[in-house]
$ cat input04.csv   # CSV, C-alpha atoms
chain,number,residue,atom,x,y,z
A,28,MET,CA,0.0,0.0,0.0
A,29,LEU,CA,2.8,2.4,0.9
A,30,ASN,CA,4.5,2.2,-2.5
A,31,LEU,CA,1.4,3.7,-4.0
A,32,VAL,CA,2.3,7.0,-2.3
A,33,ARG,CA,5.3,8.7,-3.8
A,34,PRO,CA,7.5,11.1,-1.8
A,35,GLY,CA,5.9,14.1,-3.4
A,36,ASP,CA,2.5,12.8,-2.5
A,37,TRP,CA,3.4,12.9,1.2
A,38,LEU,CA,4.5,16.5,0.6
A,39,VAL,CA,1.2,17.4,-1.0
A,40,LEU,CA,-0.8,15.6,1.7
A,41,GLY,CA,1.1,17.5,4.4
A,42,LEU,CA,0.5,20.8,2.6
A,43,ALA,CA,-3.2,20.0,2.1
A,44,GLY,CA,-3.5,19.0,5.8
A,45,ALA,CA,-1.9,22.3,6.8
A,46,ALA,CA,-4.2,24.2,4.5
A,47,VAL,CA,-7.3,22.5,6.1
A,48,ALA,CA,-6.0,23.3,9.6
A,49,ALA,CA,-5.3,26.9,8.6
A,50,LEU,CA,-8.8,27.3,7.1
A,51,ALA,CA,-10.4,25.9,10.2
A,52,VAL,CA,-8.5,28.3,12.4
A,53,HIS,CA,-9.3,31.2,10.1
A,54,ALA,CA,-13.0,30.4,9.7
A,55,TRP,CA,-13.8,29.3,13.2
A,56,GLN,CA,-11.7,31.5,15.4
A,57,GLY,CA,-13.9,34.4,14.8
A,58,GLU,CA,-12.6,37.9,14.8
A,59,ARG,CA,-10.5,38.3,17.9
A,60,GLY,CA,-11.1,41.6,19.5
A,61,ASP,CA,-8.2,43.9,20.2
A,62,ALA,CA,-9.8,46.6,22.3
A,63,LEU,CA,-12.1,47.0,25.3
A,64,ILE,CA,-14.7,49.8,25.3
A,65,VAL,CA,-16.1,50.7,28.7
A,66,ARG,CA,-19.2,52.7,29.0
A,67,ALA,CA,-20.8,54.3,32.1
A,68,GLY,CA,-24.1,56.0,31.9
A,69,GLY,CA,-24.1,55.5,28.1
A,70,LYS,CA,-20.8,57.4,27.6
A,71,VAL,CA,-17.5,55.8,26.7
A,72,VAL,CA,-15.3,56.4,29.7
A,73,GLU,CA,-12.4,54.1,28.7
A,74,ARG,CA,-11.0,52.5,25.6
A,75,VAL,CA,-8.0,50.3,26.2
A,76,ALA,CA,-6.1,47.7,24.3
A,77,ILE,CA,-6.5,44.1,25.6
A,78,ASP,CA,-2.9,43.2,25.5
A,79,ARG,CA,-1.8,42.9,29.1
A,80,HIS,CA,-3.3,42.3,32.5
A,81,ARG,CA,-4.9,45.2,34.3
A,82,ILE,CA,-7.8,46.0,36.4
A,83,LEU,CA,-10.1,49.0,35.6
A,84,GLU,CA,-12.5,50.5,38.1
A,85,VAL,CA,-15.5,52.4,36.9
A,86,GLY,CA,-18.0,54.0,39.2
A,87,GLY,CA,-21.8,53.9,38.8
A,88,PRO,CA,-24.9,54.8,40.8
A,89,LEU,CA,-24.6,51.7,42.9
A,90,GLY,CA,-20.9,51.5,43.4
A,91,VAL,CA,-17.7,50.5,41.7
A,92,THR,CA,-17.5,47.9,38.9
A,93,ARG,CA,-14.2,46.2,38.6
A,94,ILE,CA,-13.2,45.1,35.1
A,95,GLU,CA,-10.3,42.6,34.6
A,96,VAL,CA,-8.4,42.7,31.3
A,97,GLU,CA,-6.0,39.9,30.2
A,98,PRO,CA,-4.2,39.5,26.9
A,99,GLY,CA,-7.0,38.8,24.3
A,100,ARG,CA,-10.0,38.9,26.7
A,101,ALA,CA,-11.8,40.9,29.4
A,102,ARG,CA,-14.5,40.3,31.9
A,103,VAL,CA,-16.5,42.1,34.6
A,104,GLN,CA,-14.8,40.8,37.8
A,105,SER,CA,-17.2,42.3,40.3
A,106,ASP,CA,-20.2,44.6,40.2
A,107,PRO,CA,-22.6,45.8,42.8
A,108,SER,CA,-25.6,44.8,40.7
A,109,PRO,CA,-28.0,42.4,42.5
A,110,ARG,CA,-28.3,39.7,39.9
A,111,GLN,CA,-24.6,39.7,38.8
A,112,LEU,CA,-25.6,38.9,35.2
A,113,CYS,CA,-22.6,40.7,33.7
A,114,VAL,CA,-20.2,39.0,36.1
A,115,ARG,CA,-21.6,35.6,35.3
A,116,GLN,CA,-21.2,36.2,31.6
A,117,GLY,CA,-17.5,35.5,32.0
A,118,TRP,CA,-14.7,36.2,29.7
A,119,LEU,CA,-15.3,38.1,26.4
A,120,ALA,CA,-12.9,37.7,23.6
A,121,ARG,CA,-14.6,38.1,20.2
A,122,ALA,CA,-15.2,41.4,18.6
A,123,GLY,CA,-18.7,42.6,19.3
A,124,GLU,CA,-19.3,40.7,22.5
A,125,ALA,CA,-20.6,42.8,25.4
A,126,ALA,CA,-21.5,42.5,29.0
A,127,LEU,CA,-23.9,45.0,30.5
A,128,CYS,CA,-24.3,45.8,34.2
A,129,LEU,CA,-27.6,47.6,33.9
A,130,PRO,CA,-28.4,48.7,37.4
A,131,ASN,CA,-24.9,50.2,37.7
A,132,GLN,CA,-25.1,51.6,34.2
A,133,VAL,CA,-21.7,50.1,33.2
A,134,SER,CA,-21.1,48.1,30.1
A,135,ILE,CA,-18.0,46.6,28.5
A,136,GLU,CA,-17.7,45.7,24.9
A,137,ILE,CA,-14.9,44.1,22.9
A,138,GLY,CA,-13.9,46.2,19.9
A,139,GLY,CA,-12.3,44.8,16.8
A,140,LYS,CA,-11.7,45.6,13.1
A,141,ARG,CA,-14.9,43.7,12.1
A,142,PRO,CA,-17.5,43.4,14.8
A,143,ALA,CA,-19.6,40.2,14.8
A,144,TYR,CA,-22.8,42.2,15.0
A,145,ASP,CA,-23.9,45.5,13.5
A,146,SER,CA,-26.0,46.3,16.5
A,147,LEU,CA,-27.5,44.6,19.4
A,148,VAL,CA,-30.9,45.4,20.9
A,149,TYR,CA,-31.9,44.3,24.4
B,3,MET,CA,-39.2,7.3,-51.6
B,4,THR,CA,-35.7,8.3,-50.9
B,5,ARG,CA,-34.0,7.5,-47.8
B,6,SER,CA,-31.0,9.5,-46.7
B,7,PHE,CA,-28.5,8.3,-44.2
B,8,ILE,CA,-26.1,10.4,-42.4
B,9,GLU,CA,-23.2,8.4,-41.5
B,10,LEU,CA,-21.4,9.5,-38.4
B,11,PRO,CA,-18.0,7.8,-38.3
B,12,VAL,CA,-17.3,6.4,-34.9
B,13,SER,CA,-13.7,5.9,-34.1
B,14,ASP,CA,-12.3,3.6,-31.5
B,15,ASP,CA,-11.5,6.6,-29.4
B,16,ASP,CA,-15.1,7.6,-29.4
B,17,ARG,CA,-16.1,4.1,-28.2
B,18,ARG,CA,-13.5,4.1,-25.5
B,19,ILE,CA,-14.5,7.5,-24.2
B,20,ALA,CA,-18.2,6.5,-24.3
B,21,HIS,CA,-17.3,3.3,-22.4
B,22,LEU,CA,-15.3,5.2,-19.8
B,23,ALA,CA,-17.9,7.9,-19.4
B,24,ALA,CA,-20.5,5.2,-18.9
B,25,ILE,CA,-18.5,3.9,-15.9
B,26,ALA,CA,-18.1,7.4,-14.5
B,27,ILE,CA,-21.8,8.1,-14.9
B,28,GLY,CA,-22.7,4.8,-13.2
B,29,LEU,CA,-20.5,5.7,-10.2
B,30,SER,CA,-22.0,9.2,-10.1
B,31,LEU,CA,-25.5,7.8,-10.0
B,32,ALA,CA,-24.6,5.2,-7.3
B,33,GLU,CA,-23.1,8.0,-5.3
B,34,ALA,CA,-26.1,10.3,-5.7
B,35,ALA,CA,-28.1,7.7,-3.8
B,36,LEU,CA,-25.9,7.9,-0.8
B,37,PRO,CA,-27.1,10.3,2.0
B,38,SER,CA,-24.7,13.1,2.9
B,39,PRO,CA,-24.7,15.1,6.1
B,40,VAL,CA,-23.6,18.3,4.4
B,41,PRO,CA,-24.8,19.1,0.9
B,42,GLY,CA,-21.8,19.0,-1.4
B,43,VAL,CA,-19.7,16.6,0.6
B,44,LYS,CA,-19.5,13.4,-1.5
B,45,PRO,CA,-16.7,10.9,-2.1
B,46,GLY,CA,-16.6,11.7,-5.8
B,47,VAL,CA,-15.6,8.2,-6.8
B,48,ALA,CA,-16.3,9.0,-10.4
B,49,ASN,CA,-13.0,11.0,-10.2
B,50,ILE,CA,-11.2,7.7,-10.0
B,51,VAL,CA,-12.2,7.0,-13.5
B,52,ILE,CA,-11.1,10.5,-14.6
B,53,LEU,CA,-7.7,9.9,-13.0
B,54,LEU,CA,-7.3,6.6,-14.8
B,55,VAL,CA,-8.3,8.1,-18.1
B,56,LEU,CA,-5.9,11.0,-17.6
B,57,GLN,CA,-3.1,8.6,-16.9
B,58,ARG,CA,-3.8,6.2,-19.7
B,59,TYR,CA,-5.3,8.3,-22.5
B,60,GLY,CA,-4.3,11.9,-21.7
B,61,LEU,CA,-6.0,15.1,-20.8
B,62,ARG,CA,-8.2,15.4,-23.8
B,63,ALA,CA,-9.9,12.1,-23.1
B,64,ALA,CA,-10.2,12.9,-19.5
B,65,ALA,CA,-11.9,16.2,-20.4
B,66,TRP,CA,-14.4,14.4,-22.6
B,67,VAL,CA,-15.2,11.8,-20.0
B,68,SER,CA,-15.6,14.5,-17.3
B,69,ALA,CA,-17.9,16.6,-19.5
B,70,LEU,CA,-20.0,13.6,-20.5
B,71,ARG,CA,-20.3,12.5,-16.9
B,72,VAL,CA,-21.5,15.9,-15.8
B,73,LEU,CA,-23.9,16.3,-18.7
B,74,ALA,CA,-25.4,12.8,-18.8
B,75,GLY,CA,-25.3,12.4,-15.0
B,76,SER,CA,-27.4,15.6,-14.7
B,77,LEU,CA,-29.8,14.4,-17.3
B,78,LEU,CA,-30.3,11.1,-15.5
B,79,LEU,CA,-30.7,12.7,-12.1
B,80,GLY,CA,-33.0,15.3,-13.5
B,81,ASN,CA,-31.1,18.4,-12.5
B,82,PHE,CA,-29.8,19.4,-15.9
B,83,LEU,CA,-29.3,23.2,-15.9
B,84,ALA,CA,-30.4,23.4,-12.3
B,85,PRO,CA,-28.0,24.9,-9.7
B,86,GLY,CA,-26.6,21.5,-8.9
B,87,PHE,CA,-25.7,21.0,-12.5
B,88,TRP,CA,-23.7,24.3,-12.6
B,89,LEU,CA,-22.0,23.5,-9.4
B,90,ALA,CA,-21.0,20.1,-10.7
B,91,ALA,CA,-19.8,21.7,-14.0
B,92,SER,CA,-17.8,24.4,-12.3
B,93,GLY,CA,-16.2,21.8,-10.0
B,94,ALA,CA,-15.4,19.5,-12.8
B,95,LEU,CA,-13.9,22.3,-14.9
B,96,ALA,CA,-11.8,23.5,-12.0
B,97,SER,CA,-10.5,20.0,-11.2
B,98,LEU,CA,-9.6,19.5,-14.9
B,99,CYS,CA,-7.6,22.7,-14.8
B,100,ALA,CA,-5.8,21.4,-11.7
B,101,LEU,CA,-5.1,18.1,-13.3
B,102,ALA,CA,-3.7,19.9,-16.4
B,103,ALA,CA,-1.5,22.0,-14.2
B,104,ALA,CA,-0.4,18.9,-12.1
B,105,ARG,CA,1.0,17.3,-15.2
B,106,ALA,CA,3.9,19.7,-14.8
B,107,LEU,CA,4.9,17.9,-11.7
B,108,PRO,CA,7.6,15.2,-12.1
B,109,GLU,CA,6.0,11.8,-12.4
B,110,ARG,CA,8.7,10.2,-10.3
B,111,PHE,CA,7.8,12.0,-7.2
B,112,PHE,CA,4.1,12.9,-7.7
B,113,GLY,CA,1.7,10.1,-8.3
B,114,PRO,CA,-2.1,9.6,-8.6
B,115,VAL,CA,-2.6,10.6,-4.9
B,116,THR,CA,-1.2,14.1,-5.6
B,117,ARG,CA,-3.4,14.5,-8.7
B,118,SER,CA,-6.4,13.3,-6.9
B,119,VAL,CA,-6.0,15.6,-3.9
B,120,LEU,CA,-5.3,18.6,-6.1
B,121,ALA,CA,-8.3,17.8,-8.2
B,122,ALA,CA,-10.5,17.4,-5.1
B,123,PHE,CA,-9.4,20.7,-3.7
B,124,ALA,CA,-9.9,22.4,-7.1
B,125,HIS,CA,-13.3,20.8,-7.4
B,126,ILE,CA,-14.5,22.2,-4.1
B,127,ALA,CA,-12.9,25.6,-4.8
B,128,GLY,CA,-14.6,25.8,-8.1
B,129,GLN,CA,-18.0,24.9,-6.6
B,130,LEU,CA,-17.6,27.3,-3.7
B,131,ALA,CA,-16.5,30.1,-6.0
B,132,LEU,CA,-19.6,29.7,-8.1
B,133,ALA,CA,-21.8,29.3,-5.0
B,134,SER,CA,-20.4,32.4,-3.3
B,135,VAL,CA,-20.7,34.7,-6.3
B,136,TRP,CA,-24.0,33.4,-7.7
B,137,LEU,CA,-26.1,31.1,-5.5
B,138,LEU,CA,-25.5,32.0,-1.9
B,139,PRO,CA,-23.6,35.3,-1.9
B,140,ALA,CA,-24.8,36.2,1.6
B,141,ALA,CA,-24.6,32.8,3.3
B,142,GLY,CA,-21.8,32.0,5.7
B,143,LEU,CA,-20.1,29.6,3.3
B,144,ARG,CA,-16.9,30.7,5.0
B,145,PHE,CA,-17.8,28.7,8.0
B,146,LEU,CA,-18.3,25.5,6.0
B,147,LEU,CA,-15.0,26.0,4.2
B,148,PRO,CA,-12.9,23.8,6.6
B,149,VAL,CA,-15.5,21.0,6.4
B,150,PHE,CA,-15.4,21.0,2.6
B,151,ALA,CA,-11.6,21.2,2.6
B,152,ALA,CA,-11.3,18.3,5.1
B,153,ALA,CA,-13.7,16.2,3.0
B,154,ALA,CA,-11.6,17.0,-0.1
B,155,LEU,CA,-8.5,15.9,1.6
B,156,VAL,CA,-9.9,12.6,2.9
B,157,PHE,CA,-11.8,11.6,-0.2
B,158,GLY,CA,-9.1,12.9,-2.5
B,159,THR,CA,-6.6,10.8,-0.8
B,160,ALA,CA,-8.9,7.7,-0.8
B,161,ASN,CA,-9.7,8.1,-4.5
B,162,GLY,CA,-6.0,8.7,-5.3
B,163,LEU,CA,-5.0,5.5,-3.5
B,164,VAL,CA,-7.7,3.5,-5.4
B,165,ALA,CA,-6.5,5.0,-8.7
B,166,ALA,CA,-2.9,4.3,-7.8
B,167,ARG,CA,-3.7,0.7,-6.9
B,168,LEU,CA,-5.6,0.2,-10.2
B,169,LEU,CA,-2.8,1.7,-12.2
B,170,ALA,CA,-0.2,-0.3,-10.4
B,171,GLY,CA,-1.9,-3.5,-11.3
B,172,ASP,CA,-2.4,-2.4,-14.8
B,173,THR,CA,0.4,-3.6,-17.1
B,174,PRO,CA,0.0,-2.1,-20.6
B,175,GLY,CA,-1.3,-4.4,-23.2
B,176,ARG,CA,-2.6,-6.9,-20.7
B,177,ARG,CA,-6.2,-6.1,-21.5
B,178,GLU,CA,-8.1,-4.8,-24.4
B,179,SER,CA,-10.8,-3.0,-22.6
B,180,VAL,CA,-10.4,-0.4,-19.9
B,181,PRO,CA,-9.8,-1.3,-16.3
B,182,CYS,CA,-13.2,-1.4,-14.6
B,183,PRO,CA,-12.8,0.0,-11.1
B,184,HIS,CA,-14.6,-2.1,-8.5
B,185,PRO,CA,-15.4,0.4,-5.8
$ encode --input "input04.csv" --output "structure tokens"
Amino acid sequence: MLNLVRPGDWLVLGLAGAAVAALAVHAWQGERGDALIVRAGGKVVERVAIDRHRILEVGGPLGVTRIEVEPGRARVQSDPSPRQLCVRQGWLARAGEAALCLPNQVSIEIGGKRPAYDSLVY
Amino acid sequence: MTRSFIELPVSDDDRRIAHLAAIAIGLSLAEAALPSPVPGVKPGVANIVILLVLQRYGLRAAAWVSALRVLAGSLLLGNFLAPGFWLAASGALASLCALAAARALPERFFGPVTRSVLAAFAHIAGQLALASVWLLPAAGLRFLLPVFAAAALVFGTANGLVAARLLAGDTPGRRESVPCPHP
């Protein structure tokens, strides 16, 4: 069986496999976000790159919302809102993903070159 | 009463191409009966015949067999001039172009497996190119691309191995008729 496959065939098979893997990564990774947009009371208060670890603190009517940034992703670490929806949403990494802490009027959104959604309505 | 006959000379080449195309059409029909999880993902076993024809009788014969297979296969399946027909035609055309280009590769290092894989990738590329500009411009074909490419790799390799096996057991002059692939 093996002599049916010539040396160049292995090369082609390897290249084809690599192409499939590259396509899978390209098509399924989604657009990774590269920036974090923080809004409080509807206004953008902070716009930072998500390239290194840092903690942002944003004040709202109920108290302070702590936002944790790591390379490539961000989350709401703690928030005074009663139901903790935005905290439980966890890490956001893809462009267009957002977490809203409505009672405290703070929201975070991942920005990128091509957001996944044109607009979101809640 | 006068009768007029129009004699169409049929050469041996014609008979051979018709014979080979009939095999390819039969394989296409058998394959059309197989269920497929994703539309467009098929083994493409008829391409084994194309590979054999290309190797033994050259590109021109392979082009004829491929064209006849697409045309007659679509007539038998009832989708002549329907979108599926154009997809099959664009895929077949693209894979023939790839096969023609692959002839530049040295035979010593690149065998039927290479040709089959290249043809399979070209086939899916041709189909997707047509689908994305004409049939489904808005749909997220991008997300299915890896599925199609993986299928092309797997089935292209399998078909290439079958073709290589058939060609390896095929000493010239041993038979009069064409090797009939037993899938």
$ interface_residues --input "input04.csv" --of "chain A" --to "chain B" --cutoff "12 Å" --atoms "only C-alpha atoms" --output "ChimeraX atom specification"
/A:28-57
$ atom_distance --input "input04.csv" --atom1 "atom CA of Ser30 of chain B" --atom2 "atom CA of Leu78 of chain B"
10.1 Å
$ residues_around --input "input04.csv" --residues "Leu22 of chain B" --least-positions-apart "6" --cutoff "12 Å" --atoms "all atoms listed in the file" --output "ChimeraX atom specification"
/B:15-16,28-29,48-56,58-59,63-71,179-183
$ closest_residue --input "input04.csv" --among "A:Gly117, A:Gly99, A:Pro109, A:Gly60" --to "Asn131 of chain A" --atoms "only C-alpha atoms"
A:Pro109
$ residues_near_point --input "input04.csv" --point "(-26.7, 19.1, -12.3)" --cutoff "12 Å" --atoms "only C-alpha atoms" --output "PyMOL selection string"
chain B and resi 30-31+34+42+69-94+129
$ residues_around --input "input04.csv" --residues "Ile82 of chain A" --least-positions-apart "3" --cutoff "12 Å" --atoms "only C-alpha atoms" --output "PyMOL selection string"
chain A and resi 63+75+77+79+85+92-97+101-105
$ atom_distance --input "input04.csv" --atom1 "atom CA of Leu98 of chain B" --atom2 "atom CA of Gly60 of chain B"
11.5 Å
$ closest_residue --input "input04.csv" --among "A:Asp61, A:Glu84, A:Lys70, A:Asp78" --to "Gly123 of chain A" --atoms "only C-alpha atoms"
A:Asp61
$ atom_distance --input "input04.csv" --atom1 "atom CA of Gly87 of chain A" --atom2 "atom CA of Ser146 of chain A"
23.9 Å
$ closest_residue --input "input04.csv" --among "B:Ser134, B:Ser97, B:Ser38, B:Ser13" --to "Leu61 of chain B" --atoms "all atoms listed in the file"
B:Ser97
$ build_atoms --input "input04.csv" --residues "segment 26-51 of chain B" --atoms "N, CA and C atoms" --output "PDB file, in the frame of the given file"
ATOM      1  N   ALA B  26     -18.088   6.214 -15.397  1.00  0.00           N
ATOM      2  CA  ALA B  26     -18.100   7.400 -14.500  1.00  0.00           C
ATOM      3  C   ALA B  26     -19.522   7.788 -14.161  1.00  0.00           C
ATOM      4  N   ILE B  27     -20.415   7.734 -15.148  1.00  0.00           N
ATOM      5  CA  ILE B  27     -21.800   8.100 -14.900  1.00  0.00           C
ATOM      6  C   ILE B  27     -22.443   7.127 -13.922  1.00  0.00           C
ATOM      7  N   GLY B  28     -22.156   5.838 -14.109  1.00  0.00           N
ATOM      8  CA  GLY B  28     -22.700   4.800 -13.200  1.00  0.00           C
ATOM      9  C   GLY B  28     -22.250   5.100 -11.764  1.00  0.00           C
ATOM     10  N   LEU B  29     -20.971   5.418 -11.591  1.00  0.00           N
ATOM     11  CA  LEU B  29     -20.500   5.700 -10.200  1.00  0.00           C
ATOM     12  C   LEU B  29     -21.137   6.955  -9.680  1.00  0.00           C
ATOM     13  N   SER B  30     -21.318   7.988 -10.533  1.00  0.00           N
ATOM     14  CA  SER B  30     -22.000   9.200 -10.100  1.00  0.00           C
ATOM     15  C   SER B  30     -23.383   8.922  -9.584  1.00  0.00           C
ATOM     16  N   LEU B  31     -24.097   8.114 -10.342  1.00  0.00           N
ATOM     17  CA  LEU B  31     -25.500   7.800 -10.000  1.00  0.00           C
ATOM     18  C   LEU B  31     -25.534   7.025  -8.670  1.00  0.00           C
ATOM     19  N   ALA B  32     -24.636   6.033  -8.553  1.00  0.00           N
ATOM     20  CA  ALA B  32     -24.600   5.200  -7.300  1.00  0.00           C
ATOM     21  C   ALA B  32     -24.344   6.166  -6.131  1.00  0.00           C
ATOM     22  N   GLU B  33     -23.454   7.117  -6.354  1.00  0.00           N
ATOM     23  CA  GLU B  33     -23.100   8.000  -5.300  1.00  0.00           C
ATOM     24  C   GLU B  33     -24.192   8.970  -4.905  1.00  0.00           C
ATOM     25  N   ALA B  34     -24.980   9.359  -5.914  1.00  0.00           N
ATOM     26  CA  ALA B  34     -26.100  10.300  -5.700  1.00  0.00           C
ATOM     27  C   ALA B  34     -27.104   9.681  -4.721  1.00  0.00           C
ATOM     28  N   ALA B  35     -27.139   8.339  -4.668  1.00  0.00           N
ATOM     29  CA  ALA B  35     -28.100   7.700  -3.800  1.00  0.00           C
ATOM     30  C   ALA B  35     -27.648   7.681  -2.345  1.00  0.00           C
ATOM     31  N   LEU B  36     -26.356   7.949  -2.121  1.00  0.00           N
ATOM     32  CA  LEU B  36     -25.900   7.900  -0.800  1.00  0.00           C
ATOM     33  C   LEU B  36     -26.308   9.206  -0.036  1.00  0.00           C
ATOM     34  N   PRO B  37     -26.770   9.066   1.196  1.00  0.00           N
ATOM     35  CA  PRO B  37     -27.100  10.300   2.000  1.00  0.00           C
ATOM     36  C   PRO B  37     -25.807  10.996   2.371  1.00  0.00           C
ATOM     37  N   SER B  38     -25.902  12.307   2.496  1.00  0.00           N
ATOM     38  CA  SER B  38     -24.700  13.100   2.900  1.00  0.00           C
ATOM     39  C   SER B  38     -25.108  14.067   3.954  1.00  0.00           C
ATOM     40  N   PRO B  39     -24.303  14.166   5.003  1.00  0.00           N
ATOM     41  CA  PRO B  39     -24.700  15.100   6.100  1.00  0.00           C
ATOM     42  C   PRO B  39     -24.647  16.538   5.698  1.00  0.00           C
ATOM     43  N   VAL B  40     -23.697  16.897   4.854  1.00  0.00           N
ATOM     44  CA  VAL B  40     -23.600  18.300   4.400  1.00  0.00           C
ATOM     45  C   VAL B  40     -23.767  18.266   2.881  1.00  0.00           C
ATOM     46  N   PRO B  41     -24.687  19.069   2.336  1.00  0.00           N
ATOM     47  CA  PRO B  41     -24.800  19.100   0.900  1.00  0.00           C
ATOM     48  C   PRO B  41     -23.466  19.444   0.251  1.00  0.00           C
ATOM     49  N   GLY B  42     -23.087  18.681  -0.734  1.00  0.00           N
ATOM     50  CA  GLY B  42     -21.800  19.000  -1.400  1.00  0.00           C
ATOM     51  C   GLY B  42     -20.674  18.119  -0.961  1.00  0.00           C
ATOM     52  N   VAL B  43     -20.816  17.453   0.193  1.00  0.00           N
ATOM     53  CA  VAL B  43     -19.700  16.600   0.600  1.00  0.00           C
ATOM     54  C   VAL B  43     -20.047  15.164   0.111  1.00  0.00           C
ATOM     55  N   LYS B  44     -19.276  14.746  -0.867  1.00  0.00           N
ATOM     56  CA  LYS B  44     -19.500  13.400  -1.500  1.00  0.00           C
ATOM     57  C   LYS B  44     -18.106  12.826  -1.761  1.00  0.00           C
ATOM     58  N   PRO B  45     -18.040  11.484  -1.785  1.00  0.00           N
ATOM     59  CA  PRO B  45     -16.700  10.900  -2.100  1.00  0.00           C
ATOM     60  C   PRO B  45     -16.186  11.198  -3.438  1.00  0.00           C
ATOM     61  N   GLY B  46     -17.062  11.374  -4.421  1.00  0.00           N
ATOM     62  CA  GLY B  46     -16.600  11.700  -5.800  1.00  0.00           C
ATOM     63  C   GLY B  46     -15.811  10.547  -6.392  1.00  0.00           C
ATOM     64  N   VAL B  47     -16.351   9.322  -6.265  1.00  0.00           N
ATOM     65  CA  VAL B  47     -15.600   8.200  -6.800  1.00  0.00           C
ATOM     66  C   VAL B  47     -15.494   8.173  -8.293  1.00  0.00           C
ATOM     67  N   ALA B  48     -16.372   8.925  -8.966  1.00  0.00           N
ATOM     68  CA  ALA B  48     -16.300   9.000 -10.400  1.00  0.00           C
ATOM     69  C   ALA B  48     -14.913   9.598 -10.835  1.00  0.00           C
ATOM     70  N   ASN B  49     -14.315  10.347  -9.905  1.00  0.00           N
ATOM     71  CA  ASN B  49     -13.000  11.000 -10.200  1.00  0.00           C
ATOM     72  C   ASN B  49     -11.922   9.923 -10.364  1.00  0.00           C
ATOM     73  N   ILE B  50     -12.135   8.746  -9.772  1.00  0.00           N
ATOM     74  CA  ILE B  50     -11.200   7.700 -10.000  1.00  0.00           C
ATOM     75  C   ILE B  50     -11.047   7.359 -11.456  1.00  0.00           C
ATOM     76  N   VAL B  51     -12.219   7.297 -12.112  1.00  0.00           N
ATOM     77  CA  VAL B  51     -12.200   7.000 -13.500  1.00  0.00           C
ATOM     78  C   VAL B  51     -11.479   8.135 -14.288  1.00  0.00           C
TER      79      VAL B  51
END
